[in-house]
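Undergrad: One structure, pasted below without further comment.
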Amino acid sequence: MTDCKRYVLWGSAGHAKVLDEAIRAVGSKVIALFDNDPNAQPALPNIPLIGGKQELTKWLQNAQDPHGIYGLVAIGGNRGQDRLQLQELLANHGLRIEALVHPRSFVADSARIGSGSQILAMAVIAADVTLGSACIVNHKASIDHECRVGDGVHLAPGATLCGCVTIEPFAMIGAGAVVLPRLHIGRGSIVGAGAVVTRDVPDGVVVAGNPATIRRSLPSI
Ligand SMILES: CC(=O)SCCNC(=O)CCNC(=O)[C@H](O)C(C)(C)COP(=O)(O)OP(=O)(O)OC[C@H]1O[C@@H](n2cnc3c(N)ncnc32)[C@H](O)[C@@H]1OP(=O)(O)O
């Protein structure tokens, strides 16, 4: 029998639509959306957008079996630090946090996936990979053997990490980018869409192109 889990999503924009599909694919359902942005619109048909942090507290006080509800953060882009902090907020409200793995992804038995990480359709996670918490491995992204990926990292659709790559927390690897074997990507750095990374990338920079070169610095996180 399918275990239908009830989910609350924090974030009511495009990534909520993606998570809703993955949640339904595992036989579970979204029951409410929350977002601190007063201009946010309900991202999902027939699912209420309740409000921000204060409304979450009130809503949980009245919810049926609140300790059986799961939480996920539906925020993409390079906002990995926000994703991790909001995930902690959901956990502090008593919501259950666990990884979401789309049934049409591949995750090796020996891979370790952190809490609240989101493995989307057609993603591949190979042997002996370690993935932190609050990561997104987006559609068709691929992490090959023995990679070490820190908390709050986002691999955008089609990004490829070759074997033994290390990605520090809160970095983002853009759509279709390739990181060659054994390289190191620094904390909070962004690899542009379509880049081919051939050298280590320091903390807090944007790299792009083939071969990827540093384009600018980012505020440190
Ligand atoms: C489901 C989803 O959609 S998940 C989200 C997936 N999103 C992504 O993968 C986006 C990743 N981000 C990018 O590729 C961005 O363009 C970045 C981070 C590389 C650069 O962003 P910004 O710093 O804002 O640069 P900006 O857009 O102002 O462009 C600056 C210059 O870089 C060039 N440039 C921008 N992106 C790239 C890229 N990926 N590769 C090569 N050159 C690029 C621009 O053409 C521009 O060149 P010009 O100065 O000669 O006109």
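Identifiers in the structure tokens: chain A, B, ... in order shown; residue index from 1 per chain; ligand index from 1 in order shown.
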Could I get the residue neighbourhood of ligand 1 at 9 Å, counting only C-alpha atoms and all ligand atoms, as a PDB file with all heavy atoms, in the first residue's frame?
TA:
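What ended up in out37.pdb:
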ATOM      1  N   GLY A  14       7.706  28.642  -9.112  1.00  0.00           N
ATOM      2  CA  GLY A  14       7.913  27.543 -10.054  1.00  0.00           C
ATOM      3  C   GLY A  14       8.415  26.258  -9.421  1.00  0.00           C
ATOM      4  O   GLY A  14       7.992  25.156  -9.802  1.00  0.00           O
ATOM      5  N   HIS A  15       9.329  26.371  -8.441  1.00  0.00           N
ATOM      6  CA  HIS A  15       9.892  25.134  -7.879  1.00  0.00           C
ATOM      7  C   HIS A  15       8.840  24.352  -7.075  1.00  0.00           C
ATOM      8  O   HIS A  15       8.954  23.130  -6.943  1.00  0.00           O
ATOM      9  CB  HIS A  15      11.131  25.443  -7.034  1.00  0.00           C
ATOM     10  CG  HIS A  15      11.967  24.229  -6.761  1.00  0.00           C
ATOM     11  ND1 HIS A  15      12.476  23.432  -7.767  1.00  0.00           N
ATOM     12  CD2 HIS A  15      12.352  23.651  -5.601  1.00  0.00           C
ATOM     13  CE1 HIS A  15      13.137  22.423  -7.229  1.00  0.00           C
ATOM     14  NE2 HIS A  15      13.075  22.532  -5.915  1.00  0.00           N
ATOM     15  N   VAL A  18       7.350  21.914  -9.428  1.00  0.00           N
ATOM     16  CA  VAL A  18       8.245  20.771  -9.662  1.00  0.00           C
ATOM     17  C   VAL A  18       8.166  19.789  -8.487  1.00  0.00           C
ATOM     18  O   VAL A  18       8.047  18.572  -8.675  1.00  0.00           O
ATOM     19  CB  VAL A  18       9.690  21.282  -9.857  1.00  0.00           C
ATOM     20  CG1 VAL A  18      10.680  20.129  -9.882  1.00  0.00           C
ATOM     21  CG2 VAL A  18       9.785  22.087 -11.149  1.00  0.00           C
ATOM     22  N   GLY A  76      14.449  27.547  -5.487  1.00  0.00           N
ATOM     23  CA  GLY A  76      15.547  27.067  -6.315  1.00  0.00           C
ATOM     24  C   GLY A  76      16.659  28.103  -6.449  1.00  0.00           C
ATOM     25  O   GLY A  76      17.033  28.763  -5.487  1.00  0.00           O
ATOM     26  N   GLY A  77      17.152  28.283  -7.670  1.00  0.00           N
ATOM     27  CA  GLY A  77      18.204  29.262  -7.951  1.00  0.00           C
ATOM     28  C   GLY A  77      19.445  29.017  -7.104  1.00  0.00           C
ATOM     29  O   GLY A  77      19.775  27.882  -6.769  1.00  0.00           O
ATOM     30  N   ASN A  78      20.119  30.104  -6.761  1.00  0.00           N
ATOM     31  CA  ASN A  78      21.351  29.971  -5.960  1.00  0.00           C
ATOM     32  C   ASN A  78      21.082  30.331  -4.502  1.00  0.00           C
ATOM     33  O   ASN A  78      21.974  30.793  -3.797  1.00  0.00           O
ATOM     34  CB  ASN A  78      22.480  30.839  -6.536  1.00  0.00           C
ATOM     35  CG  ASN A  78      22.171  32.314  -6.448  1.00  0.00           C
ATOM     36  OD1 ASN A  78      21.008  32.713  -6.435  1.00  0.00           O
ATOM     37  ND2 ASN A  78      23.184  33.136  -6.390  1.00  0.00           N
ATOM     38  N   ASN A 138      18.553  18.655  -9.803  1.00  0.00           N
ATOM     39  CA  ASN A 138      17.411  18.950 -10.662  1.00  0.00           C
ATOM     40  C   ASN A 138      17.292  17.931 -11.810  1.00  0.00           C
ATOM     41  O   ASN A 138      18.144  17.053 -11.970  1.00  0.00           O
ATOM     42  CB  ASN A 138      17.551  20.385 -11.196  1.00  0.00           C
ATOM     43  CG  ASN A 138      16.231  21.119 -11.206  1.00  0.00           C
ATOM     44  OD1 ASN A 138      15.221  20.561 -11.631  1.00  0.00           O
ATOM     45  ND2 ASN A 138      16.233  22.357 -10.736  1.00  0.00           N
ATOM     46  N   HIS A 139      16.248  18.073 -12.609  1.00  0.00           N
ATOM     47  CA  HIS A 139      15.975  17.135 -13.702  1.00  0.00           C
ATOM     48  C   HIS A 139      17.234  16.829 -14.512  1.00  0.00           C
ATOM     49  O   HIS A 139      17.920  17.737 -14.976  1.00  0.00           O
ATOM     50  CB  HIS A 139      14.914  17.723 -14.639  1.00  0.00           C
ATOM     51  CG  HIS A 139      13.611  17.989 -13.953  1.00  0.00           C
ATOM     52  ND1 HIS A 139      12.975  19.205 -13.978  1.00  0.00           N
ATOM     53  CD2 HIS A 139      12.827  17.179 -13.197  1.00  0.00           C
ATOM     54  CE1 HIS A 139      11.856  19.144 -13.272  1.00  0.00           C
ATOM     55  NE2 HIS A 139      11.742  17.927 -12.795  1.00  0.00           N
ATOM     56  N   HIS A 154      22.818  23.495  -5.420  1.00  0.00           N
ATOM     57  CA  HIS A 154      21.830  23.252  -6.478  1.00  0.00           C
ATOM     58  C   HIS A 154      22.558  22.846  -7.745  1.00  0.00           C
ATOM     59  O   HIS A 154      23.384  23.612  -8.257  1.00  0.00           O
ATOM     60  CB  HIS A 154      21.016  24.544  -6.721  1.00  0.00           C
ATOM     61  CG  HIS A 154      19.961  24.400  -7.768  1.00  0.00           C
ATOM     62  ND1 HIS A 154      19.182  25.466  -8.158  1.00  0.00           N
ATOM     63  CD2 HIS A 154      19.522  23.350  -8.496  1.00  0.00           C
ATOM     64  CE1 HIS A 154      18.318  25.065  -9.081  1.00  0.00           C
ATOM     65  NE2 HIS A 154      18.511  23.781  -9.311  1.00  0.00           N
ATOM     66  N   LEU A 155      22.252  21.652  -8.240  1.00  0.00           N
ATOM     67  CA  LEU A 155      22.678  21.256  -9.579  1.00  0.00           C
ATOM     68  C   LEU A 155      21.484  21.473 -10.489  1.00  0.00           C
ATOM     69  O   LEU A 155      20.477  20.763 -10.388  1.00  0.00           O
ATOM     70  CB  LEU A 155      23.091  19.782  -9.607  1.00  0.00           C
ATOM     71  CG  LEU A 155      24.575  19.496  -9.364  1.00  0.00           C
ATOM     72  CD1 LEU A 155      24.910  19.728  -7.903  1.00  0.00           C
ATOM     73  CD2 LEU A 155      24.915  18.083  -9.760  1.00  0.00           C
ATOM     74  N   ALA A 156      21.571  22.464 -11.364  1.00  0.00           N
ATOM     75  CA  ALA A 156      20.456  22.818 -12.247  1.00  0.00           C
ATOM     76  C   ALA A 156      20.251  21.703 -13.293  1.00  0.00           C
ATOM     77  O   ALA A 156      21.097  20.801 -13.423  1.00  0.00           O
ATOM     78  CB  ALA A 156      20.740  24.164 -12.900  1.00  0.00           C
ATOM     79  N   PRO A 157      19.146  21.776 -14.048  1.00  0.00           N
ATOM     80  CA  PRO A 157      18.854  20.685 -14.991  1.00  0.00           C
ATOM     81  C   PRO A 157      20.031  20.370 -15.914  1.00  0.00           C
ATOM     82  O   PRO A 157      20.634  21.260 -16.507  1.00  0.00           O
ATOM     83  CB  PRO A 157      17.661  21.234 -15.776  1.00  0.00           C
ATOM     84  CG  PRO A 157      16.960  22.119 -14.794  1.00  0.00           C
ATOM     85  CD  PRO A 157      18.067  22.774 -14.009  1.00  0.00           C
ATOM     86  N   ALA A 159      23.051  19.446 -15.340  1.00  0.00           N
ATOM     87  CA  ALA A 159      24.437  19.661 -14.894  1.00  0.00           C
ATOM     88  C   ALA A 159      25.093  18.307 -14.634  1.00  0.00           C
ATOM     89  O   ALA A 159      24.432  17.360 -14.204  1.00  0.00           O
ATOM     90  CB  ALA A 159      24.465  20.511 -13.625  1.00  0.00           C
ATOM     91  N   MET A 172      26.136  26.798  -6.797  1.00  0.00           N
ATOM     92  CA  MET A 172      25.144  26.395  -7.800  1.00  0.00           C
ATOM     93  C   MET A 172      25.874  26.051  -9.093  1.00  0.00           C
ATOM     94  O   MET A 172      26.723  26.819  -9.552  1.00  0.00           O
ATOM     95  CB  MET A 172      24.145  27.520  -8.065  1.00  0.00           C
ATOM     96  CG  MET A 172      23.178  27.166  -9.178  1.00  0.00           C
ATOM     97  SD  MET A 172      21.888  28.375  -9.398  1.00  0.00           S
ATOM     98  CE  MET A 172      21.145  27.747 -10.910  1.00  0.00           C
ATOM     99  N   ILE A 173      25.526  24.916  -9.653  1.00  0.00           N
ATOM    100  CA  ILE A 173      26.096  24.481 -10.933  1.00  0.00           C
ATOM    101  C   ILE A 173      24.996  24.664 -11.965  1.00  0.00           C
ATOM    102  O   ILE A 173      23.940  24.028 -11.892  1.00  0.00           O
ATOM    103  CB  ILE A 173      26.561  23.002 -10.880  1.00  0.00           C
ATOM    104  CG1 ILE A 173      27.388  22.714  -9.612  1.00  0.00           C
ATOM    105  CG2 ILE A 173      27.339  22.655 -12.150  1.00  0.00           C
ATOM    106  CD1 ILE A 173      28.648  23.527  -9.457  1.00  0.00           C
ATOM    107  N   GLY A 174      25.208  25.575 -12.935  1.00  0.00           N
ATOM    108  CA  GLY A 174      24.155  25.966 -13.870  1.00  0.00           C
ATOM    109  C   GLY A 174      23.745  24.848 -14.823  1.00  0.00           C
ATOM    110  O   GLY A 174      24.436  23.830 -14.965  1.00  0.00           O
ATOM    111  N   ALA A 175      22.641  25.085 -15.491  1.00  0.00           N
ATOM    112  CA  ALA A 175      22.062  24.083 -16.397  1.00  0.00           C
ATOM    113  C   ALA A 175      23.087  23.644 -17.443  1.00  0.00           C
ATOM    114  O   ALA A 175      23.732  24.471 -18.091  1.00  0.00           O
ATOM    115  CB  ALA A 175      20.834  24.667 -17.072  1.00  0.00           C
ATOM    116  N   GLY A 176      23.243  22.337 -17.567  1.00  0.00           N
ATOM    117  CA  GLY A 176      24.095  21.780 -18.614  1.00  0.00           C
ATOM    118  C   GLY A 176      25.586  21.961 -18.412  1.00  0.00           C
ATOM    119  O   GLY A 176      26.369  21.589 -19.285  1.00  0.00           O
ATOM    120  N   ALA A 177      26.003  22.522 -17.286  1.00  0.00           N
ATOM    121  CA  ALA A 177      27.447  22.693 -17.045  1.00  0.00           C
ATOM    122  C   ALA A 177      28.092  21.350 -16.733  1.00  0.00           C
ATOM    123  O   ALA A 177      27.431  20.415 -16.268  1.00  0.00           O
ATOM    124  CB  ALA A 177      27.668  23.665 -15.888  1.00  0.00           C
ATOM    125  N   ILE A 190      29.075  30.234  -8.289  1.00  0.00           N
ATOM    126  CA  ILE A 190      28.089  29.883  -9.323  1.00  0.00           C
ATOM    127  C   ILE A 190      28.841  29.512 -10.587  1.00  0.00           C
ATOM    128  O   ILE A 190      29.689  30.286 -11.060  1.00  0.00           O
ATOM    129  CB  ILE A 190      27.139  31.068  -9.610  1.00  0.00           C
ATOM    130  CG1 ILE A 190      26.367  31.454  -8.348  1.00  0.00           C
ATOM    131  CG2 ILE A 190      26.178  30.717 -10.754  1.00  0.00           C
ATOM    132  CD1 ILE A 190      25.474  32.683  -8.527  1.00  0.00           C
ATOM    133  N   VAL A 191      28.524  28.343 -11.113  1.00  0.00           N
ATOM    134  CA  VAL A 191      29.052  27.914 -12.411  1.00  0.00           C
ATOM    135  C   VAL A 191      27.957  28.186 -13.436  1.00  0.00           C
ATOM    136  O   VAL A 191      26.829  27.708 -13.309  1.00  0.00           O
ATOM    137  CB  VAL A 191      29.412  26.414 -12.381  1.00  0.00           C
ATOM    138  CG1 VAL A 191      29.800  25.931 -13.776  1.00  0.00           C
ATOM    139  CG2 VAL A 191      30.540  26.153 -11.375  1.00  0.00           C
ATOM    140  N   GLY A 192      28.267  29.001 -14.448  1.00  0.00           N
ATOM    141  CA  GLY A 192      27.261  29.414 -15.428  1.00  0.00           C
ATOM    142  C   GLY A 192      26.731  28.249 -16.239  1.00  0.00           C
ATOM    143  O   GLY A 192      27.401  27.218 -16.404  1.00  0.00           O
ATOM    144  N   ALA A 193      25.535  28.455 -16.765  1.00  0.00           N
ATOM    145  CA  ALA A 193      24.923  27.442 -17.620  1.00  0.00           C
ATOM    146  C   ALA A 193      25.863  27.120 -18.780  1.00  0.00           C
ATOM    147  O   ALA A 193      26.472  28.008 -19.377  1.00  0.00           O
ATOM    148  CB  ALA A 193      23.592  27.963 -18.146  1.00  0.00           C
ATOM    149  N   GLY A 194      26.007  25.833 -19.068  1.00  0.00           N
ATOM    150  CA  GLY A 194      26.797  25.396 -20.221  1.00  0.00           C
ATOM    151  C   GLY A 194      28.296  25.472 -20.047  1.00  0.00           C
ATOM    152  O   GLY A 194      29.037  25.165 -20.987  1.00  0.00           O
ATOM    153  N   ALA A 195      28.773  25.855 -18.874  1.00  0.00           N
ATOM    154  CA  ALA A 195      30.227  25.984 -18.675  1.00  0.00           C
ATOM    155  C   ALA A 195      30.891  24.602 -18.668  1.00  0.00           C
ATOM    156  O   ALA A 195      30.264  23.591 -18.337  1.00  0.00           O
ATOM    157  CB  ALA A 195      30.509  26.686 -17.350  1.00  0.00           C
ATOM    158  N   VAL A 206      31.674  33.861  -9.740  1.00  0.00           N
ATOM    159  CA  VAL A 206      30.903  33.353 -10.875  1.00  0.00           C
ATOM    160  C   VAL A 206      31.907  32.951 -11.947  1.00  0.00           C
ATOM    161  O   VAL A 206      32.789  33.746 -12.300  1.00  0.00           O
ATOM    162  CB  VAL A 206      29.962  34.442 -11.438  1.00  0.00           C
ATOM    163  CG1 VAL A 206      29.279  33.959 -12.717  1.00  0.00           C
ATOM    164  CG2 VAL A 206      28.925  34.851 -10.401  1.00  0.00           C
ATOM    165  N   VAL A 207      31.784  31.717 -12.435  1.00  0.00           N
ATOM    166  CA  VAL A 207      32.594  31.301 -13.584  1.00  0.00           C
ATOM    167  C   VAL A 207      31.653  30.927 -14.722  1.00  0.00           C
ATOM    168  O   VAL A 207      30.521  30.495 -14.497  1.00  0.00           O
ATOM    169  CB  VAL A 207      33.543  30.113 -13.267  1.00  0.00           C
ATOM    170  CG1 VAL A 207      34.506  30.464 -12.151  1.00  0.00           C
ATOM    171  CG2 VAL A 207      32.763  28.852 -12.931  1.00  0.00           C
ATOM    172  N   ALA A 208      32.122  31.107 -15.947  1.00  0.00           N
ATOM    173  CA  ALA A 208      31.304  30.741 -17.109  1.00  0.00           C
ATOM    174  C   ALA A 208      32.220  30.484 -18.291  1.00  0.00           C
ATOM    175  O   ALA A 208      33.393  30.871 -18.290  1.00  0.00           O
ATOM    176  CB  ALA A 208      30.303  31.853 -17.427  1.00  0.00           C
ATOM    177  N   GLY A 209      31.659  29.840 -19.320  1.00  0.00           N
ATOM    178  CA  GLY A 209      32.364  29.614 -20.578  1.00  0.00           C
ATOM    179  C   GLY A 209      33.059  28.267 -20.644  1.00  0.00           C
ATOM    180  O   GLY A 209      33.046  27.477 -19.710  1.00  0.00           O
ATOM    181  N   ASN A 210      33.693  28.014 -21.783  1.00  0.00           N
ATOM    182  CA  ASN A 210      34.413  26.763 -22.037  1.00  0.00           C
ATOM    183  C   ASN A 210      35.765  27.099 -22.668  1.00  0.00           C
ATOM    184  O   ASN A 210      35.803  27.514 -23.821  1.00  0.00           O
ATOM    185  CB  ASN A 210      33.595  25.873 -22.981  1.00  0.00           C
ATOM    186  CG  ASN A 210      34.314  24.582 -23.342  1.00  0.00           C
ATOM    187  OD1 ASN A 210      35.379  24.286 -22.800  1.00  0.00           O
ATOM    188  ND2 ASN A 210      33.734  23.824 -24.257  1.00  0.00           N
ATOM    189  N   ALA A 212      35.840  27.310 -18.452  1.00  0.00           N
ATOM    190  CA  ALA A 212      35.244  28.310 -17.566  1.00  0.00           C
ATOM    191  C   ALA A 212      36.311  29.243 -16.993  1.00  0.00           C
ATOM    192  O   ALA A 212      37.378  28.794 -16.591  1.00  0.00           O
ATOM    193  CB  ALA A 212      34.505  27.603 -16.434  1.00  0.00           C
ATOM    194  N   ARG A 215      34.299  35.373 -13.856  1.00  0.00           N
ATOM    195  CA  ARG A 215      33.676  36.560 -14.447  1.00  0.00           C
ATOM    196  C   ARG A 215      33.484  37.672 -13.424  1.00  0.00           C
ATOM    197  O   ARG A 215      33.513  38.843 -13.764  1.00  0.00           O
ATOM    198  CB  ARG A 215      32.317  36.206 -15.071  1.00  0.00           C
ATOM    199  CG  ARG A 215      32.366  35.075 -16.100  1.00  0.00           C
ATOM    200  CD  ARG A 215      33.270  35.463 -17.281  1.00  0.00           C
ATOM    201  NE  ARG A 215      33.509  34.331 -18.176  1.00  0.00           N
ATOM    202  CZ  ARG A 215      32.892  34.167 -19.340  1.00  0.00           C
ATOM    203  NH1 ARG A 215      31.987  35.031 -19.748  1.00  0.00           N
ATOM    204  NH2 ARG A 215      33.183  33.127 -20.098  1.00  0.00           N
ATOM    205  N   ARG A 216      33.193  37.301 -12.162  1.00  0.00           N
ATOM    206  CA  ARG A 216      33.039  38.319 -11.113  1.00  0.00           C
ATOM    207  C   ARG A 216      33.033  37.637  -9.750  1.00  0.00           C
ATOM    208  O   ARG A 216      32.908  36.413  -9.653  1.00  0.00           O
ATOM    209  CB  ARG A 216      31.777  39.166 -11.324  1.00  0.00           C
ATOM    210  CG  ARG A 216      30.454  38.431 -11.236  1.00  0.00           C
ATOM    211  CD  ARG A 216      29.298  39.394 -11.568  1.00  0.00           C
ATOM    212  NE  ARG A 216      28.025  38.707 -11.612  1.00  0.00           N
ATOM    213  CZ  ARG A 216      27.195  38.573 -10.587  1.00  0.00           C
ATOM    214  NH1 ARG A 216      27.521  39.066  -9.401  1.00  0.00           N
ATOM    215  NH2 ARG A 216      26.042  37.938 -10.722  1.00  0.00           N
TER     216      ARG A 216
END
Undergrad: List every residue of range 116-213 of chain A that DSSP, applied to the backbone of this structure, places in strand (DSSP E or B), and write the result as a PyMOL selection string.
TA: chain A and resi 118-119+124-125+130-131+136-137+142-143+148-149+154-155+160-161+166-167+172-173+178-179+184-185+190-191+196-197+201+205-208+213
Undergrad: Name the residues in contact with Ala16 in chain A at a cut-off of 9 Å, using only C-alpha atoms, excluding same-chain residues fewer than 4 positions from it; report them as a PyMOL selection string.
TA: chain A and resi 9-12+20-21+33+43-44+73-75
Undergrad: Would you mind exporting the chosen residues as a PDB file, in the first residue's frame, restricted to N, CA and C atoms?
TA:
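The result, written out as again-v4.pdb:
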ATOM      1  N   LEU A   9       4.743  22.944   1.708  1.00  0.00           N
ATOM      2  CA  LEU A   9       5.865  23.522   0.967  1.00  0.00           C
ATOM      3  C   LEU A   9       6.050  24.970   1.381  1.00  0.00           C
ATOM      4  N   TRP A  10       7.310  25.348   1.610  1.00  0.00           N
ATOM      5  CA  TRP A  10       7.633  26.761   1.824  1.00  0.00           C
ATOM      6  C   TRP A  10       8.152  27.300   0.490  1.00  0.00           C
ATOM      7  N   GLY A  11       7.404  28.259  -0.074  1.00  0.00           N
ATOM      8  CA  GLY A  11       7.763  28.777  -1.399  1.00  0.00           C
ATOM      9  C   GLY A  11       6.634  28.469  -2.359  1.00  0.00           C
ATOM     10  N   SER A  12       6.086  29.526  -2.964  1.00  0.00           N
ATOM     11  CA  SER A  12       4.930  29.332  -3.852  1.00  0.00           C
ATOM     12  C   SER A  12       5.237  29.918  -5.225  1.00  0.00           C
ATOM     13  N   ASP A  20       5.730  19.480  -6.338  1.00  0.00           N
ATOM     14  CA  ASP A  20       4.392  18.868  -6.293  1.00  0.00           C
ATOM     15  C   ASP A  20       4.341  17.631  -7.191  1.00  0.00           C
ATOM     16  N   GLU A  21       4.928  17.746  -8.368  1.00  0.00           N
ATOM     17  CA  GLU A  21       4.919  16.600  -9.298  1.00  0.00           C
ATOM     18  C   GLU A  21       5.695  15.428  -8.700  1.00  0.00           C
ATOM     19  N   LEU A  33       0.621  25.620   1.150  1.00  0.00           N
ATOM     20  CA  LEU A  33       1.791  26.392   0.731  1.00  0.00           C
ATOM     21  C   LEU A  33       1.977  27.571   1.676  1.00  0.00           C
ATOM     22  N   ALA A  43       0.827  28.673  -6.180  1.00  0.00           N
ATOM     23  CA  ALA A  43       1.502  28.037  -7.317  1.00  0.00           C
ATOM     24  C   ALA A  43       0.766  26.792  -7.795  1.00  0.00           C
ATOM     25  N   LEU A  44      -0.074  26.221  -6.928  1.00  0.00           N
ATOM     26  CA  LEU A  44      -0.720  24.948  -7.262  1.00  0.00           C
ATOM     27  C   LEU A  44      -2.234  25.097  -7.224  1.00  0.00           C
ATOM     28  N   VAL A  73      11.353  22.817   1.339  1.00  0.00           N
ATOM     29  CA  VAL A  73      11.507  24.195   0.895  1.00  0.00           C
ATOM     30  C   VAL A  73      11.554  24.221  -0.631  1.00  0.00           C
ATOM     31  N   ALA A  74      10.622  24.972  -1.206  1.00  0.00           N
ATOM     32  CA  ALA A  74      10.482  25.038  -2.666  1.00  0.00           C
ATOM     33  C   ALA A  74      11.093  26.339  -3.181  1.00  0.00           C
ATOM     34  N   ILE A  75      12.400  26.453  -2.993  1.00  0.00           N
ATOM     35  CA  ILE A  75      13.120  27.644  -3.454  1.00  0.00           C
ATOM     36  C   ILE A  75      14.346  27.159  -4.216  1.00  0.00           C
TER      37      ILE A  75
END
Undergrad: Applying 7 Å and only C-alpha atoms, which residues near range 96-105 of chain A remain after dropping the ones on its own chain fewer than 2 positions away? List them as a ChimeraX atom specification.
TA: /A:22,25-26,69-72,91,94,107,113-124
Undergrad: Produce a file of the selected residues containing C-alpha atoms, as a PDB file, in the first residue's frame.
TA:
ATOM      1  CA  ALA A  22       7.680  14.654  -7.532  1.00  0.00           C
ATOM      2  CA  ALA A  25       4.944  10.602  -8.114  1.00  0.00           C
ATOM      3  CA  VAL A  26       5.785   8.931  -4.768  1.00  0.00           C
ATOM      4  CA  ILE A  69       3.198  16.438   8.383  1.00  0.00           C
ATOM      5  CA  TYR A  70       6.343  16.729   6.255  1.00  0.00           C
ATOM      6  CA  GLY A  71       7.999  19.957   5.128  1.00  0.00           C
ATOM      7  CA  LEU A  72      10.109  20.876   2.109  1.00  0.00           C
ATOM      8  CA  ALA A  91      11.861  21.497  11.454  1.00  0.00           C
ATOM      9  CA  GLY A  94       7.780  20.195  14.233  1.00  0.00           C
ATOM     10  CA  VAL A 107      20.360   6.714  -6.616  1.00  0.00           C
ATOM     11  CA  ILE A 113      21.550  11.839   0.814  1.00  0.00           C
ATOM     12  CA  GLY A 114      21.034  14.585   3.401  1.00  0.00           C
ATOM     13  CA  SER A 115      17.705  15.652   4.886  1.00  0.00           C
ATOM     14  CA  GLY A 116      15.400  17.787   2.750  1.00  0.00           C
ATOM     15  CA  SER A 117      17.423  17.230  -0.409  1.00  0.00           C
ATOM     16  CA  GLN A 118      15.428  16.894  -3.591  1.00  0.00           C
ATOM     17  CA  ILE A 119      16.380  14.376  -6.264  1.00  0.00           C
ATOM     18  CA  LEU A 120      14.227  15.081  -9.311  1.00  0.00           C
ATOM     19  CA  ALA A 121      13.202  13.037 -12.340  1.00  0.00           C
ATOM     20  CA  MET A 122      15.999  11.513 -14.439  1.00  0.00           C
ATOM     21  CA  ALA A 123      18.714  12.612 -12.007  1.00  0.00           C
ATOM     22  CA  VAL A 124      21.589  10.177 -11.406  1.00  0.00           C
TER      23      VAL A 124
END
Undergrad: Rank A:Leu180, A:Ala134, A:Leu218, A:Ala127 by their smallest atom-to-atom distance to Glu88 in chain A, using only C-alpha atoms, and report the top residue only.
TA: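 Of the candidates, the smallest distance to Glu88 in chain A is held by A:Ala134.
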Undergrad: Per DSSP on the backbone, what are the alpha helix (DSSP H) residues of range 82-142 of chain A, as a PDB file with C-alpha atoms, in the first residue's frame?
TA:
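Final file, states03.pdb:
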ATOM      1  CA  ASP A  82      17.938  30.420   2.460  1.00  0.00           C
ATOM      2  CA  ARG A  83      16.802  26.899   1.655  1.00  0.00           C
ATOM      3  CA  LEU A  84      18.791  25.453   4.555  1.00  0.00           C
ATOM      4  CA  GLN A  85      17.626  28.147   7.024  1.00  0.00           C
ATOM      5  CA  LEU A  86      13.974  27.788   6.017  1.00  0.00           C
ATOM      6  CA  GLN A  87      14.273  24.023   6.292  1.00  0.00           C
ATOM      7  CA  GLU A  88      15.476  24.502   9.885  1.00  0.00           C
ATOM      8  CA  LEU A  89      12.507  26.811  10.497  1.00  0.00           C
ATOM      9  CA  LEU A  90      10.123  24.101   9.263  1.00  0.00           C
ATOM     10  CA  ALA A  91      11.861  21.497  11.454  1.00  0.00           C
ATOM     11  CA  ASN A  92      11.645  23.837  14.457  1.00  0.00           C
TER      12      ASN A  92
END
Undergrad: Give the answer as one residue: which of A:Asn36, A:Thr166, A:Gln81, A:Ser28 has the shortest atom-to-atom distance to Gly150 in chain A, using only C-alpha atoms?
TA: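 For Gly150 in chain A, the nearest of the given residues is A:Thr166.
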Undergrad: What does the structure give for the distance between CA of Val153 in chain A and CA of Gly68 in chain A, in Å to one decimal?
TA: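 Going from CA of Val153 in chain A over to CA of Gly68 in chain A, I get 27.3 Å.
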Undergrad: Suppose you want the space between CA of Pro169 in chain A and CA of Ile185 in chain A; what is it in Å?
TA: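 That distance, rounded to one decimal, is 9.2 Å.
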Undergrad: Considering only C-alpha atoms, can you say which of A:Ile31, A:Ala171, A:Cys147, A:Val201 comes closest to Tyr7 in chain A?
TA: A:Ile31
